[in-house]
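Chemist: One structure is given below, represented as structure tokens, and several questions about it will come after.
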Amino acid sequence: MKFAFPVLLSVLLGACATTAGYEKQLATWVGKNEVELVRGWGPPNQSYEVSGRRFLVYTVTRDVVVPGNAPSVISNSKGELLMILPGTADTTASSACTTSFELLNAHVASWSHRGDDCTARE
């Protein structure tokens, strides 16, 4: 079960999405002005300035419920009880992606991201 959970979670969260797909989308913002970025992404969660450069930071988190399993009974061909397997409870898995855009002269100069959910369809 310890192996199955991360695999199932990856399938549920990733489907056809990849980090490369996300990076391709981010690359389209280079050169755009700050107003266009905020129109497209909404207000940032955080902003700050360093050495004349402005940074806009966006963080997205989500929780996914992975259903548990009902208890099961194993019996032989004669109907004799061999084993009762306990069920498992639902679990919640959290994922996040933080994306930072670096602005120079009010235009996107570069971007970076971190987190386990920085993916998009290619």
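Labels used: A, B, ... for chains in the order of the structure tokens, numbers from 1 for residues in each chain, and numbers from 1 for ligands as shown.
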Can you check which parts of range 23-58 of chain A lie within 6 Å of range 99-120 of chain A? Per residue, the shortest pair of atoms and distance in Å to one decimal, counting only C-alpha atoms, sorted by chain and number, as JSON lines.
Modeler:
```
{"residue": "A:Val30", "atom": "CA", "partner": "A:Val108", "partner_atom": "CA", "distance": 4.9}
{"residue": "A:Gly31", "atom": "CA", "partner": "A:Val108", "partner_atom": "CA", "distance": 5.1}
{"residue": "A:Lys32", "atom": "CA", "partner": "A:His107", "partner_atom": "CA", "distance": 5.4}
{"residue": "A:Asn33", "atom": "CA", "partner": "A:His107", "partner_atom": "CA", "distance": 4.1}
{"residue": "A:Glu34", "atom": "CA", "partner": "A:Ala106", "partner_atom": "CA", "distance": 5.4}
{"residue": "A:Arg53", "atom": "CA", "partner": "A:Leu104", "partner_atom": "CA", "distance": 5.3}
{"residue": "A:Arg54", "atom": "CA", "partner": "A:Leu103", "partner_atom": "CA", "distance": 5.0}
{"residue": "A:Phe55", "atom": "CA", "partner": "A:Glu102", "partner_atom": "CA", "distance": 4.6}
{"residue": "A:Leu56", "atom": "CA", "partner": "A:Phe101", "partner_atom": "CA", "distance": 5.3}
{"residue": "A:Val57", "atom": "CA", "partner": "A:Ser100", "partner_atom": "CA", "distance": 4.4}
{"residue": "A:Tyr58", "atom": "CA", "partner": "A:Thr99", "partner_atom": "CA", "distance": 5.2}
```
Chemist: For range 42-64 of chain A against range 79-97 of chain A, with a cut-off of 12 Å and counting only C-alpha atoms, what is the closest atom pair and its distance in Å to one decimal for every residue that makes the cut, ordered by chain and number, as CSV?
Modeler:
```
residue,atom,partner,partner_atom,distance
A:Val57,CA,A:Cys97,CA,10.4
A:Tyr58,CA,A:Cys97,CA,8.1
A:Thr59,CA,A:Cys97,CA,5.7
A:Val60,CA,A:Cys97,CA,5.4
A:Thr61,CA,A:Ala96,CA,4.2
A:Arg62,CA,A:Ser95,CA,5.5
A:Asp63,CA,A:Ser94,CA,4.4
A:Val64,CA,A:Ala93,CA,5.3
```
Chemist: Using DSSP secondary structure from the backbone, list all strand (DSSP E) positions within chain A, as a PyMOL selection string.
Modeler: chain A and resi 17-18+46-50+53-66+72-75+81-85+91-104+107-114+120-121
Chemist: Export C-alpha atoms of the chosen residues as a CSV table (one decimal), in the first residue's frame?
Modeler:
```
chain,number,residue,atom,x,y,z
A,17,ALA,CA,0.5,17.2,-17.3
A,18,THR,CA,4.2,17.7,-17.1
A,46,GLN,CA,3.3,38.2,-2.5
A,47,SER,CA,5.4,40.8,-4.1
A,48,TYR,CA,8.8,42.3,-3.2
A,49,GLU,CA,11.7,44.3,-4.7
A,50,VAL,CA,15.4,43.6,-4.7
A,53,ARG,CA,13.8,44.3,-9.7
A,54,ARG,CA,10.3,43.4,-8.7
A,55,PHE,CA,9.1,39.9,-8.0
A,56,LEU,CA,5.5,38.7,-8.1
A,57,VAL,CA,4.9,35.3,-6.4
A,58,TYR,CA,1.9,33.1,-6.9
A,59,THR,CA,1.2,30.0,-4.8
A,60,VAL,CA,-1.4,27.4,-5.6
A,61,THR,CA,-2.3,24.5,-3.3
A,62,ARG,CA,-4.8,21.8,-3.5
A,63,ASP,CA,-6.0,18.8,-1.6
A,64,VAL,CA,-7.0,15.5,-3.2
A,65,VAL,CA,-9.0,12.9,-1.4
A,66,VAL,CA,-7.8,9.4,-2.1
A,72,SER,CA,-12.7,-7.7,2.8
A,73,VAL,CA,-13.2,-11.3,3.8
A,74,ILE,CA,-11.2,-14.2,2.2
A,75,SER,CA,-12.6,-17.6,2.3
A,81,LEU,CA,-13.3,-18.1,6.7
A,82,LEU,CA,-9.5,-17.8,6.1
A,83,MET,CA,-8.8,-14.2,6.8
A,84,ILE,CA,-10.4,-10.8,7.3
A,85,LEU,CA,-8.5,-7.9,5.8
A,91,THR,CA,-6.6,10.0,3.0
A,92,THR,CA,-5.9,13.5,1.9
A,93,ALA,CA,-2.9,14.5,-0.1
A,94,SER,CA,-1.8,18.1,-0.5
A,95,SER,CA,0.2,19.5,-3.4
A,96,ALA,CA,1.5,22.9,-4.2
A,97,CYS,CA,3.3,25.1,-6.7
A,98,THR,CA,4.9,28.4,-6.1
A,99,THR,CA,5.8,30.5,-9.2
A,100,SER,CA,7.8,33.6,-9.1
A,101,PHE,CA,8.1,36.2,-11.9
A,102,GLU,CA,11.0,38.6,-12.0
A,103,LEU,CA,10.1,42.0,-13.5
A,104,LEU,CA,12.6,44.4,-14.9
A,107,HIS,CA,8.2,43.5,-17.9
A,108,VAL,CA,8.7,39.9,-17.1
A,109,ALA,CA,12.4,39.1,-17.4
A,110,SER,CA,12.4,35.5,-16.0
A,111,TRP,CA,10.4,33.1,-13.9
A,112,SER,CA,11.1,30.2,-11.5
A,113,HIS,CA,8.9,27.6,-9.8
A,114,ARG,CA,9.1,25.1,-7.0
A,120,ALA,CA,0.5,21.7,-17.2
A,121,ARG,CA,-0.6,19.9,-20.3
```
Chemist: Could you please determine the separation between CA of Trp41 in chain A and CA of Trp29 in chain A in Å, to one decimal place?
Modeler: 10.5 Å
